[in-house]
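Engineer: Pasting model-v2.txt here (compact mmCIF, C-alpha atoms and all ligand atoms):
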# COMPACT_ATOMS: atom_id res chain seq x y z
CA MET A 260 127.95 30.46 39.04
CA GLN A 261 127.98 33.15 36.36
CA ILE A 262 129.24 32.09 32.94
CA PRO A 263 129.74 34.64 30.14
CA PRO A 264 128.99 33.76 26.52
CA PHE A 265 132.54 34.72 25.63
CA SER A 266 135.52 35.91 27.64
CA LEU A 267 139.10 36.93 26.95
CA GLU A 268 140.05 37.14 30.61
CA ALA A 269 141.84 33.79 30.80
CA GLN A 270 143.60 34.32 27.48
CA ILE A 271 144.85 37.72 28.64
CA SER A 272 146.26 36.30 31.86
CA ASP A 273 147.90 33.54 29.82
CA ILE A 274 149.60 35.50 27.00
CA GLY A 275 148.95 39.11 28.04
CA GLU A 276 152.51 39.81 29.13
CA GLU A 277 154.01 38.44 25.96
CA ILE A 278 151.66 40.63 23.92
CA GLU A 279 152.42 43.70 26.02
CA GLU A 280 156.16 43.29 25.35
CA VAL A 281 155.58 43.01 21.63
CA LEU A 282 153.28 46.04 21.63
CA ILE A 283 155.84 48.16 23.41
CA ARG A 284 158.54 47.07 20.98
CA VAL A 285 156.37 47.95 17.95
CA PHE A 286 155.23 51.21 19.51
CA ARG A 287 158.80 52.30 20.21
CA SER A 288 159.88 51.34 16.68
CA GLY A 289 157.73 54.17 15.33
CA LYS A 290 156.75 51.99 12.38
CA TYR A 291 153.00 51.52 12.49
CA ILE A 292 151.82 50.88 8.93
CA GLY A 293 153.15 48.30 6.50
CA GLY A 294 156.08 46.87 8.42
CA GLN A 295 157.59 43.56 9.39
CA GLU A 296 154.75 42.42 11.67
CA VAL A 297 152.21 42.70 8.86
CA ALA A 298 154.54 40.92 6.42
CA SER A 299 155.17 38.06 8.87
CA PHE A 300 151.50 37.70 9.66
CA GLU A 301 150.54 37.54 5.99
CA GLN A 302 153.13 34.80 5.52
CA ALA A 303 151.88 32.90 8.55
CA LEU A 304 148.28 33.10 7.32
CA ALA A 305 149.06 31.99 3.77
CA SER A 306 151.00 29.06 5.16
CA LYS A 307 148.18 28.15 7.57
CA ILE A 308 145.54 28.29 4.84
CA GLN A 309 147.88 26.65 2.31
CA THR A 310 147.49 29.38 -0.30
CA SER A 311 150.21 31.15 -2.26
CA TYR A 312 149.17 34.65 -1.16
CA SER A 313 147.51 36.48 1.69
CA VAL A 314 146.71 40.18 1.87
CA SER A 315 145.71 41.74 5.17
CA CYS A 316 143.17 44.54 5.53
CA ASN A 317 141.08 46.42 8.02
CA SER A 318 138.25 43.95 8.72
CA GLY A 319 136.44 40.87 7.51
CA THR A 320 133.84 43.12 5.91
CA ASP A 321 136.57 44.90 3.97
CA ALA A 322 138.06 41.56 2.96
CA LEU A 323 134.74 40.67 1.32
CA ILE A 324 134.39 44.09 -0.33
CA LEU A 325 137.96 44.03 -1.65
CA ALA A 326 137.50 40.50 -3.00
CA LEU A 327 134.27 41.41 -4.79
CA ARG A 328 135.77 44.57 -6.24
CA ALA A 329 138.94 42.79 -7.39
CA LEU A 330 136.76 40.21 -9.16
CA ASN A 331 135.01 43.07 -10.96
CA ILE A 332 131.66 42.39 -9.35
CA GLY A 333 129.46 45.47 -9.15
CA GLU A 334 126.41 47.22 -10.65
CA ASP A 335 123.82 44.84 -12.16
CA ASP A 336 125.59 41.72 -10.91
CA GLU A 337 124.07 39.12 -8.62
CA VAL A 338 125.83 37.11 -5.95
CA ILE A 339 124.24 34.01 -4.45
CA THR A 340 124.65 33.74 -0.69
CA SER A 341 122.99 32.77 2.58
CA SER A 342 120.59 34.91 4.58
CA PHE A 343 121.58 33.08 7.75
CA SER A 344 124.83 34.88 8.49
CA PHE A 345 126.17 38.05 10.03
CA PHE A 346 124.82 41.06 8.13
CA ALA A 347 128.27 41.93 6.71
CA THR A 348 128.13 39.02 4.27
CA ALA A 349 125.32 40.64 2.29
CA GLU A 350 126.32 44.18 3.16
CA ALA A 351 129.62 43.68 1.32
CA ILE A 352 127.77 42.56 -1.81
CA SER A 353 125.52 45.61 -1.66
CA SER A 354 128.45 47.91 -0.93
CA VAL A 355 130.00 47.15 -4.32
CA GLY A 356 126.65 47.83 -6.03
CA ALA A 357 125.71 44.20 -6.64
CA ARG A 358 122.61 42.40 -5.45
CA PRO A 359 122.62 39.62 -2.86
CA VAL A 360 120.44 36.67 -3.88
CA PHE A 361 119.57 34.58 -0.85
CA ILE A 362 118.89 30.87 -0.96
CA ASP A 363 117.55 28.78 1.90
CA ILE A 364 119.71 26.70 4.22
CA ASP A 365 120.14 23.05 5.00
CA PRO A 366 118.51 22.52 8.44
CA GLU A 367 121.24 20.03 9.38
CA ASN A 368 124.25 22.30 9.17
CA TYR A 369 122.68 25.77 8.65
CA LEU A 370 124.74 26.38 5.52
CA MET A 371 123.34 27.40 2.15
CA ASP A 372 121.54 24.44 0.59
CA LEU A 373 123.70 23.59 -2.41
CA ARG A 374 120.76 21.97 -4.18
CA LEU A 375 119.10 25.39 -4.46
CA ILE A 376 121.93 27.15 -6.27
CA ASP A 377 121.02 26.04 -9.80
CA LYS A 378 117.54 27.53 -9.56
CA ALA A 379 118.90 30.84 -8.29
CA ILE A 380 121.31 31.37 -11.19
CA THR A 381 120.35 34.04 -13.72
CA PRO A 382 122.31 35.64 -16.57
CA ARG A 383 123.40 38.28 -14.06
CA THR A 384 124.87 35.86 -11.53
CA LYS A 385 128.61 36.42 -11.18
CA ALA A 386 129.58 34.63 -8.00
CA ILE A 387 128.66 32.33 -5.14
CA LEU A 388 129.52 33.54 -1.66
CA PRO A 389 129.29 30.61 0.78
CA VAL A 390 129.61 31.21 4.52
CA HIS A 391 131.31 28.59 6.69
CA LEU A 392 128.93 29.57 9.45
CA PHE A 393 129.88 28.91 13.08
CA GLY A 394 133.01 27.15 11.80
CA TYR A 395 131.18 24.38 9.92
CA PRO A 396 132.76 24.00 6.47
CA ILE A 397 130.43 23.78 3.51
CA ASP A 398 130.95 20.95 1.00
CA MET A 399 133.50 22.71 -1.19
CA ASP A 400 133.75 19.86 -3.70
CA LYS A 401 130.10 20.23 -4.64
CA LEU A 402 130.20 24.00 -4.50
CA ILE A 403 133.24 24.34 -6.73
CA ALA A 404 131.75 21.88 -9.22
CA ILE A 405 128.57 23.98 -9.47
CA ALA A 406 130.62 27.17 -9.84
CA GLU A 407 132.77 25.69 -12.59
CA GLN A 408 129.76 24.37 -14.52
CA ASN A 409 128.24 27.84 -14.47
CA ASN A 410 131.39 29.88 -14.81
CA LEU A 411 130.92 31.62 -11.47
CA LYS A 412 133.52 33.01 -9.07
CA VAL A 413 133.67 31.70 -5.51
CA ILE A 414 134.31 33.95 -2.53
CA GLU A 415 134.48 32.01 0.74
CA ASP A 416 133.33 33.88 3.85
CA CYS A 417 135.70 32.30 6.37
CA ALA A 418 135.16 34.98 9.04
CA GLN A 419 134.01 32.36 11.55
CA ALA A 420 136.04 29.50 10.20
CA ILE A 421 139.77 29.99 10.55
CA GLY A 422 140.96 26.51 11.54
CA SER A 423 138.14 24.71 9.70
CA SER A 424 138.83 22.29 6.90
CA TRP A 425 136.98 20.36 4.23
CA ARG A 426 138.45 16.95 3.43
CA GLY A 427 141.56 17.94 5.37
CA LYS A 428 142.17 21.11 3.36
CA PRO A 429 141.73 24.50 5.08
CA VAL A 430 138.70 26.58 4.14
CA GLY A 431 139.77 29.70 2.32
CA SER A 432 141.93 27.64 -0.06
CA PHE A 433 139.16 26.33 -2.33
CA GLY A 434 137.51 29.39 -3.86
CA ASP A 435 138.97 32.19 -5.93
CA VAL A 436 139.42 33.96 -2.63
CA GLY A 437 138.94 33.34 1.09
CA CYS A 438 137.95 36.18 3.43
CA PHE A 439 138.90 36.20 7.10
CA SER A 440 138.05 38.40 10.08
CA PHE A 441 140.11 39.02 13.19
CA PHE A 442 137.31 40.66 15.16
CA PRO A 443 138.00 39.87 18.84
CA THR A 444 135.37 37.09 19.16
CA LYS A 445 136.53 35.12 16.15
CA ASN A 446 138.76 32.06 16.55
CA LEU A 447 141.79 34.27 15.93
CA GLY A 448 141.04 37.72 17.29
CA ALA A 449 142.93 41.00 17.29
CA ALA A 450 142.50 43.74 19.89
CA GLY A 451 140.22 45.60 17.52
CA ASP A 452 139.35 45.14 13.88
CA GLY A 453 141.35 43.23 11.31
CA GLY A 454 140.87 41.06 8.26
CA ALA A 455 142.62 39.30 5.40
CA ILE A 456 142.08 37.52 2.14
CA THR A 457 143.79 34.39 0.88
CA THR A 458 144.19 33.34 -2.76
CA ASN A 459 146.36 31.34 -5.13
CA ASP A 460 145.93 33.92 -7.89
CA PHE A 461 148.88 36.31 -8.10
CA ASP A 462 147.02 38.97 -10.12
CA LEU A 463 144.02 38.87 -7.84
CA ALA A 464 146.23 39.28 -4.75
CA LYS A 465 147.94 42.22 -6.44
CA ARG A 466 144.64 43.90 -7.33
CA ILE A 467 143.34 43.42 -3.80
CA ARG A 468 146.49 44.92 -2.32
CA GLU A 469 146.23 47.93 -4.60
CA LEU A 470 142.54 48.48 -3.85
CA ALA A 471 143.27 48.31 -0.13
CA ILE A 472 145.75 51.17 -0.50
CA HIS A 473 143.72 53.77 -2.39
CA GLY A 474 143.92 51.96 -5.74
CA MET A 475 147.59 52.89 -5.80
CA PRO A 476 149.94 50.44 -7.53
CA LYS A 477 152.75 53.02 -7.50
CA ARG A 478 153.22 55.79 -4.99
CA TYR A 479 150.79 58.63 -5.75
CA VAL A 480 149.58 57.03 -8.97
CA HIS A 481 145.96 55.99 -8.45
CA THR A 482 144.53 53.69 -11.11
CA LYS A 483 141.28 52.84 -9.29
CA ILE A 484 139.00 54.34 -6.67
CA GLY A 485 140.04 52.17 -3.76
CA TYR A 486 139.91 52.15 0.02
CA ASN A 487 142.08 52.82 3.00
CA SER A 488 141.99 49.33 4.44
CA ARG A 489 145.12 48.09 6.14
CA LEU A 490 145.94 45.92 9.07
CA ASP A 491 148.26 47.98 11.27
CA GLU A 492 151.50 46.81 12.84
CA LEU A 493 150.13 46.72 16.38
CA GLN A 494 147.24 44.43 15.44
CA ALA A 495 149.51 42.28 13.29
CA ALA A 496 151.96 41.95 16.20
CA ILE A 497 149.16 40.66 18.43
CA LEU A 498 148.00 38.24 15.74
CA ASN A 499 151.56 36.94 15.33
CA VAL A 500 151.67 36.03 19.01
CA LYS A 501 148.28 34.37 18.80
CA VAL A 502 148.42 32.56 15.47
CA ILE A 503 150.93 29.98 16.72
CA ARG A 504 148.41 29.00 19.42
CA LEU A 505 145.49 28.64 17.07
CA ASN A 506 145.71 24.86 16.64
CA LYS A 507 145.69 24.34 20.39
CA TRP A 508 142.69 26.66 20.80
CA ILE A 509 140.74 24.91 18.06
CA LYS A 510 141.43 21.57 19.75
CA GLN A 511 140.11 22.96 23.01
CA ARG A 512 136.97 24.19 21.25
CA GLN A 513 136.51 20.73 19.73
CA GLU A 514 136.83 19.10 23.15
CA ILE A 515 134.19 21.40 24.59
CA ALA A 516 131.88 20.70 21.65
CA ASN A 517 132.34 16.95 22.10
CA ASN A 518 131.57 17.26 25.77
CA TYR A 519 128.33 19.15 25.03
CA ILE A 520 127.35 16.65 22.35
CA ASN A 521 128.10 13.59 24.49
CA ASN A 522 126.16 14.90 27.46
CA LEU A 523 123.22 16.60 25.83
CA SER A 524 122.36 14.05 23.16
CA PHE A 525 119.55 12.59 25.26
CA VAL A 526 117.76 15.89 25.76
CA GLU A 527 114.91 15.57 23.34
CA ALA A 528 113.90 19.19 23.45
CA ILE A 529 117.03 20.40 21.73
CA LYS A 530 118.65 19.81 18.39
CA LEU A 531 122.41 19.60 18.70
CA PRO A 532 124.70 20.78 15.92
CA SER A 533 125.24 18.15 13.33
CA ASN A 534 128.66 16.92 14.39
CA SER A 535 131.46 15.33 12.53
CA LEU A 536 129.67 12.14 11.52
CA ASN A 537 130.89 13.31 8.18
CA ASN A 538 134.63 12.64 8.06
CA ASN A 539 135.15 15.42 5.56
CA VAL A 540 134.16 18.04 8.13
CA GLY A 541 136.91 19.72 10.16
CA HIS A 542 134.85 21.94 12.46
CA SER A 543 136.54 24.82 14.30
CA TRP A 544 133.53 25.52 16.55
CA ASN A 545 133.51 29.30 16.55
CA GLN A 546 130.00 28.87 17.92
CA PHE A 547 128.13 25.95 19.46
CA VAL A 548 124.60 26.50 18.26
CA ILE A 549 121.67 24.41 19.40
CA ARG A 550 118.02 24.69 18.44
CA ILE A 551 115.19 24.68 20.94
CA LEU A 552 112.49 22.70 19.22
CA ASP A 553 108.94 24.03 19.12
CA ASP A 554 107.04 23.75 22.38
CA SER A 555 109.90 21.91 24.02
CA PHE A 556 109.92 24.32 26.92
CA VAL A 557 106.39 23.38 27.86
CA LYS A 558 107.45 20.92 30.55
CA ASN A 559 108.99 23.64 32.62
CA LYS A 560 106.74 26.44 31.56
CA PRO A 561 106.55 29.18 34.17
CA GLU A 562 102.98 29.99 35.23
CA ASN A 563 101.13 32.11 32.68
CA ALA A 564 103.77 31.75 30.01
CA GLU A 565 102.23 31.35 26.61
CA ILE A 566 104.11 29.01 24.37
CA VAL A 567 103.64 29.92 20.77
CA VAL A 568 105.43 28.91 17.68
CA GLY A 569 107.97 31.60 16.92
CA SER A 570 110.95 32.66 18.94
CA GLU A 571 109.19 32.78 22.33
CA ASN A 572 109.96 29.20 23.21
CA ARG A 573 113.65 29.83 22.64
CA ASP A 574 113.56 33.22 24.32
CA LEU A 575 112.02 31.70 27.43
CA PHE A 576 114.80 29.12 27.53
CA LYS A 577 117.40 31.87 27.17
CA THR A 578 115.88 33.84 30.03
CA GLU A 579 115.79 30.77 32.24
CA LEU A 580 119.44 29.96 31.47
CA GLN A 581 120.37 33.53 32.28
CA ARG A 582 118.49 33.39 35.58
CA LEU A 583 120.61 30.37 36.44
CA GLY A 584 123.86 32.14 35.48
CA VAL A 585 124.44 30.85 31.95
CA ASN A 586 124.64 33.79 29.56
CA THR A 587 124.09 33.19 25.90
CA ILE A 588 123.80 35.03 22.60
CA ILE A 589 121.45 34.48 19.67
CA TYR A 590 123.31 34.18 16.38
CA TYR A 591 121.16 35.37 14.58
CA PRO A 592 117.63 36.40 15.59
CA ILE A 593 116.64 38.04 12.28
CA PRO A 594 117.67 36.64 8.91
CA ILE A 595 119.34 39.12 6.59
CA HIS A 596 116.55 39.03 3.99
CA LEU A 597 114.10 40.34 6.60
CA GLN A 598 116.34 43.15 7.86
CA PRO A 599 114.82 46.63 7.49
CA ALA A 600 117.82 47.71 5.39
CA TYR A 601 116.86 45.12 2.78
CA LYS A 602 113.15 45.77 2.54
CA ASP A 603 113.60 46.94 -1.06
CA LEU A 604 114.97 43.58 -2.20
CA GLY A 605 111.42 42.22 -2.14
CA TYR A 606 111.76 39.31 0.25
CA LYS A 607 109.04 38.78 2.82
CA ALA A 608 108.26 36.50 5.75
CA GLY A 609 108.00 33.05 4.26
CA SER A 610 110.49 33.66 1.44
CA LEU A 611 113.10 31.41 3.07
CA PRO A 612 111.11 29.18 5.45
CA ILE A 613 113.97 27.09 6.86
CA THR A 614 116.19 30.10 7.51
CA GLU A 615 113.31 31.89 9.24
CA LYS A 616 112.41 28.90 11.39
CA VAL A 617 116.01 28.32 12.40
CA CYS A 618 116.42 31.99 13.41
CA ASN A 619 113.53 31.51 15.82
CA GLN A 620 115.05 28.42 17.41
CA VAL A 621 118.80 28.95 17.66
CA ILE A 622 120.81 29.82 20.71
CA SER A 623 124.60 29.68 21.13
CA LEU A 624 126.04 28.07 24.23
CA PRO A 625 129.25 29.51 25.69
CA ILE A 626 132.29 28.15 23.86
CA PHE A 627 135.81 29.52 24.09
CA PRO A 628 139.10 27.67 24.65
CA GLU A 629 139.43 28.58 28.31
CA LEU A 630 135.89 27.53 29.32
CA GLU A 631 136.63 25.32 32.32
CA THR A 632 135.40 21.75 32.73
CA ILE A 633 133.45 22.74 35.82
CA GLN A 634 131.73 25.51 33.87
CA GLN A 635 130.90 23.11 31.04
CA SER A 636 129.40 20.67 33.54
CA TYR A 637 127.34 23.43 35.09
CA ILE A 638 125.98 24.45 31.69
CA ILE A 639 125.11 20.84 30.83
CA ASP A 640 123.44 20.22 34.20
CA THR A 641 121.50 23.47 33.98
CA ILE A 642 120.10 22.56 30.58
CA LYS A 643 119.16 19.08 31.77
CA ARG A 644 117.51 20.58 34.80
CA ILE A 645 115.48 23.03 32.73
CA PHE A 646 114.18 20.20 30.59
CA LYS A 647 113.90 17.84 33.56
CA GLU A 648 115.97 15.21 31.77
C1 LIG B 701 132.41 38.73 11.63
C2 LIG B 701 131.87 38.37 10.31
C3 LIG B 701 132.07 39.17 9.18
C4 LIG B 701 132.68 40.54 9.24
O1 LIG B 701 133.91 40.61 9.85
P1 LIG B 701 134.37 42.00 10.53
O2 LIG B 701 135.82 41.79 10.77
O3 LIG B 701 133.59 42.16 11.77
O4 LIG B 701 134.11 43.08 9.55
C5 LIG B 701 131.64 38.70 7.97
N1 LIG B 701 131.00 37.53 7.85
C6 LIG B 701 130.76 36.75 8.91
C7 LIG B 701 130.07 35.43 8.72
C8 LIG B 701 131.18 37.14 10.18
O5 LIG B 701 130.93 36.37 11.24
Turn this file's structure into structure tokens for me.
Ligand SMILES: *Cc1c(COP(=O)(O)O)cnc(C)c1O

Structural biologist:
Amino acid sequence: MQIPPFSLEAQISDIGEEIEEVLIRVFRSGKYIGGQEVASFEQALASKIQTSYSVSCNSGTDALILALRALNIGEDDEVITSSFSFFATAEAISSVGARPVFIDIDPENYLMDLRLIDKAITPRTKAILPVHLFGYPIDMDKLIAIAEQNNLKVIEDCAQAIGSSWRGKPVGSFGDVGCFSFFPTKNLGAAGDGGAITTNDFDLAKRIRELAIHGMPKRYVHTKIGYNSRLDELQAAILNVKVIRLNKWIKQRQEIANNYINNLSFVEAIKLPSNSLNNNVGHSWNQFVIRILDDSFVKNKPENAEIVVGSENRDLFKTELQRLGVNTIIYYPIPIHLQPAYKDLGYKAGSLPITEKVCNQVISLPIFPELETIQQSYIIDTIKRIFKE
């Protein structure tokens, strides 16, 4: 059996025809930018996230950049965030001229450790940028309380977390602004790039919309240096077909996650994701990330394989899974603070010990709504077999 880490094949056979009809209709309309599909999608998103406004744009990265710019964050400002994320989180901060300040993560949920924020605040700190990584929502009550005490803005990176909630309230509705991505592998994916922001602040929504269209509040009057960042009608049309299925897909992801958790909890060599023991957590399972604990692979060590602390133990496990047909991805092998592009920020190996250790141990098991029961069982059995459990 060959199992991909992610596949759209089943989804395309399920709703492909419906999408094709919509695409043809939009294509023949000749209206490609700023039409009814975009307007409907923005409404659908705002209603899903329970915010007053939503503004669509070209990507999740742009959503973060537009949010930072609209909050007047730039040169000489600092933004506190996590180094354990997709690079775009920090890249957006740097793109507006500000400096990302990374704090270490909580090893239980891989999210920024809220206890470390206070120490990271300086007179230059303007905002906190939490990432609801893999779909796990960060404790927004605590985070907002810290932000309010210190007069900081909050920009939620919800790129992996559409469908996640904290205490029953959707992520993206707590901070000053929520940023979403519709990259194809996200929980709600377009057929290309797409993004959006959500907010309850009318002026902020207005500023973001203007920035996304060349800083142009009125036709051919440009009050700011902005961007060309729009969701187009074709992508919005696809998202409109998909968004009404999102709840069902999230439920399917949750069922798969529960199945993994129930059947792998006795495998001592791996650390499962901290699941919803916490009733406040509404997890949307964009990724199912386990950790291969140090030296755990030893039992099944191929001849001559050296087991050393570092990523080799995990890498060996990945190779063995692949040999047996289970294909996986590492989110993320290198923390952002150790990326070559950030060598000038002054971080070094050891700066964020938990983040660095976790990067060496994580591996994401296949999870997507259409992953069949038989495939799930095969993945579970293969892992048990590798660890001889
Ligand atoms: C995907 C992602 C982004 C960027 O979204 P794009 O639409 O690819 O630009 C930002 N942050 C996180 C955590 C992501 O996973």

Engineer: Using all atoms listed in the file, I'd like a table of the residues in chain A that come within 10 Å of ligand LIG 701 (chain B); for each, show the closest atom pair and its distance in Å rounded to one decimal, ordered by chain and ascending number, as JSON lines.

Structural biologist:
{"residue": "A:Cys316", "atom": "CA", "partner": "B:LIG701", "partner_atom": "O2", "distance": 9.4}
{"residue": "A:Asn317", "atom": "CA", "partner": "B:LIG701", "partner_atom": "O2", "distance": 7.5}
{"residue": "A:Ser318", "atom": "CA", "partner": "B:LIG701", "partner_atom": "O2", "distance": 3.8}
{"residue": "A:Gly319", "atom": "CA", "partner": "B:LIG701", "partner_atom": "O2", "distance": 3.4}
{"residue": "A:Thr320", "atom": "CA", "partner": "B:LIG701", "partner_atom": "O4", "distance": 3.7}
{"residue": "A:Asp321", "atom": "CA", "partner": "B:LIG701", "partner_atom": "O4", "distance": 6.4}
{"residue": "A:Ala322", "atom": "CA", "partner": "B:LIG701", "partner_atom": "O4", "distance": 7.8}
{"residue": "A:Leu323", "atom": "CA", "partner": "B:LIG701", "partner_atom": "C5", "distance": 7.6}
{"residue": "A:Ile324", "atom": "CA", "partner": "B:LIG701", "partner_atom": "O4", "distance": 9.9}
{"residue": "A:Ser341", "atom": "CA", "partner": "B:LIG701", "partner_atom": "C7", "distance": 9.7}
{"residue": "A:Phe343", "atom": "CA", "partner": "B:LIG701", "partner_atom": "C7", "distance": 8.9}
{"residue": "A:Ser344", "atom": "CA", "partner": "B:LIG701", "partner_atom": "C7", "distance": 5.3}
{"residue": "A:Phe345", "atom": "CA", "partner": "B:LIG701", "partner_atom": "C7", "distance": 4.9}
{"residue": "A:Phe346", "atom": "CA", "partner": "B:LIG701", "partner_atom": "N1", "distance": 7.1}
{"residue": "A:Ala347", "atom": "CA", "partner": "B:LIG701", "partner_atom": "C5", "distance": 4.8}
{"residue": "A:Thr348", "atom": "CA", "partner": "B:LIG701", "partner_atom": "N1", "distance": 4.8}
{"residue": "A:Ala349", "atom": "CA", "partner": "B:LIG701", "partner_atom": "N1", "distance": 8.5}
{"residue": "A:Glu350", "atom": "CA", "partner": "B:LIG701", "partner_atom": "C5", "distance": 9.0}
{"residue": "A:Ala351", "atom": "CA", "partner": "B:LIG701", "partner_atom": "C5", "distance": 8.6}
{"residue": "A:Pro389", "atom": "CA", "partner": "B:LIG701", "partner_atom": "C7", "distance": 9.3}
{"residue": "A:Val390", "atom": "CA", "partner": "B:LIG701", "partner_atom": "C7", "distance": 6.0}
{"residue": "A:His391", "atom": "CA", "partner": "B:LIG701", "partner_atom": "C7", "distance": 7.2}
{"residue": "A:Leu392", "atom": "CA", "partner": "B:LIG701", "partner_atom": "C7", "distance": 6.0}
{"residue": "A:Phe393", "atom": "CA", "partner": "B:LIG701", "partner_atom": "O5", "distance": 7.8}
{"residue": "A:Gly394", "atom": "CA", "partner": "B:LIG701", "partner_atom": "C7", "distance": 9.3}
{"residue": "A:Glu415", "atom": "CA", "partner": "B:LIG701", "partner_atom": "N1", "distance": 9.7}
{"residue": "A:Asp416", "atom": "CA", "partner": "B:LIG701", "partner_atom": "N1", "distance": 5.9}
{"residue": "A:Cys417", "atom": "CA", "partner": "B:LIG701", "partner_atom": "C7", "distance": 6.9}
{"residue": "A:Ala418", "atom": "CA", "partner": "B:LIG701", "partner_atom": "C8", "distance": 4.7}
{"residue": "A:Gln419", "atom": "CA", "partner": "B:LIG701", "partner_atom": "O5", "distance": 5.1}
{"residue": "A:Ala420", "atom": "CA", "partner": "B:LIG701", "partner_atom": "C7", "distance": 8.5}
{"residue": "A:Cys438", "atom": "CA", "partner": "B:LIG701", "partner_atom": "C5", "distance": 8.2}
{"residue": "A:Phe439", "atom": "CA", "partner": "B:LIG701", "partner_atom": "O1", "distance": 7.2}
{"residue": "A:Ser440", "atom": "CA", "partner": "B:LIG701", "partner_atom": "O2", "distance": 4.1}
{"residue": "A:Phe441", "atom": "CA", "partner": "B:LIG701", "partner_atom": "O2", "distance": 5.7}
{"residue": "A:Phe442", "atom": "CA", "partner": "B:LIG701", "partner_atom": "O2", "distance": 4.8}
{"residue": "A:Pro443", "atom": "CA", "partner": "B:LIG701", "partner_atom": "O2", "distance": 8.6}
{"residue": "A:Thr444", "atom": "CA", "partner": "B:LIG701", "partner_atom": "C1", "distance": 8.3}
{"residue": "A:Lys445", "atom": "CA", "partner": "B:LIG701", "partner_atom": "C1", "distance": 7.1}
{"residue": "A:Gly448", "atom": "CA", "partner": "B:LIG701", "partner_atom": "O2", "distance": 9.3}
{"residue": "A:Ala449", "atom": "CA", "partner": "B:LIG701", "partner_atom": "O2", "distance": 9.7}
{"residue": "A:Gly451", "atom": "CA", "partner": "B:LIG701", "partner_atom": "O2", "distance": 8.9}
{"residue": "A:Asp452", "atom": "CA", "partner": "B:LIG701", "partner_atom": "O2", "distance": 5.8}
{"residue": "A:Gly453", "atom": "CA", "partner": "B:LIG701", "partner_atom": "O2", "distance": 5.7}
{"residue": "A:Gly454", "atom": "CA", "partner": "B:LIG701", "partner_atom": "O2", "distance": 5.7}
{"residue": "A:Ala455", "atom": "CA", "partner": "B:LIG701", "partner_atom": "O2", "distance": 9.0}
{"residue": "A:Asn545", "atom": "CA", "partner": "B:LIG701", "partner_atom": "O5", "distance": 9.2}
{"residue": "A:Tyr590", "atom": "CA", "partner": "B:LIG701", "partner_atom": "O5", "distance": 9.4}

Engineer: May I ask which of the residues A:Gln635, A:Ser488, A:Leu267, A:Leu388 is the closest one to Asn521 (chain A), counting all atoms listed in the file?

Structural biologist: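 Comparing A:Gln635, A:Ser488, A:Leu267, A:Leu388 against Asn521 (chain A), the winner is A:Gln635.
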
Engineer: Give me, as a ChimeraX atom specification, all polymer residues having an atom no more than 12 Å from Ala305 (chain A), counting all atoms listed in the file and skipping those fewer than 4 positions away in the same chain.

Structural biologist: /A:298-301,309-315,421,429-432,436-439,455-459,464,502

Engineer: So the first atom is CA of Glu615 (chain A) and the second is CA of Ser524 (chain A); what is the distance between them in Å, to one decimal place?

Structural biologist: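 Separation between CA of Glu615 (chain A) and CA of Ser524 (chain A): 24.4 Å.
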
Engineer: Rounded to one decimal place, report the CA of Leu552 (chain A)-CA of Arg573 (chain A) distance in Å.

Structural biologist: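 Straight-line distance from CA of Leu552 (chain A) to CA of Arg573 (chain A) works out to 8.0 Å.
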
Engineer: Hey, which bits of region 441-518 of chain A sit within 12 Å of region 281-297 of chain A, and for each residue what's the closest pair of atoms and how far apart in Å (one decimal), counting all atoms listed in the file, rows by chain and increasing number, as CSV?

Structural biologist:
residue,atom,partner,partner_atom,distance
A:Ala450,CA,A:Leu282,CA,11.2
A:Gly453,CA,A:Val297,CA,11.1
A:Gly454,CA,A:Val297,CA,11.5
A:Ala455,CA,A:Val297,CA,10.7
A:Arg468,CA,A:Gly293,CA,11.6
A:Ala471,CA,A:Gly293,CA,11.9
A:Ile472,CA,A:Gly293,CA,10.6
A:Asn487,CA,A:Ile292,CA,11.6
A:Ser488,CA,A:Ile292,CA,10.9
A:Arg489,CA,A:Ile292,CA,7.8
A:Leu490,CA,A:Val297,CA,7.1
A:Asp491,CA,A:Ile292,CA,5.2
A:Glu492,CA,A:Tyr291,CA,5.0
A:Leu493,CA,A:Leu282,CA,6.2
A:Gln494,CA,A:Val297,CA,8.4
A:Ala495,CA,A:Val297,CA,5.2
A:Ala496,CA,A:Glu296,CA,5.3
A:Ile497,CA,A:Leu282,CA,7.5
A:Leu498,CA,A:Glu296,CA,8.9
A:Asn499,CA,A:Glu296,CA,7.3
A:Val500,CA,A:Val281,CA,8.4
A:Lys501,CA,A:Val281,CA,11.7
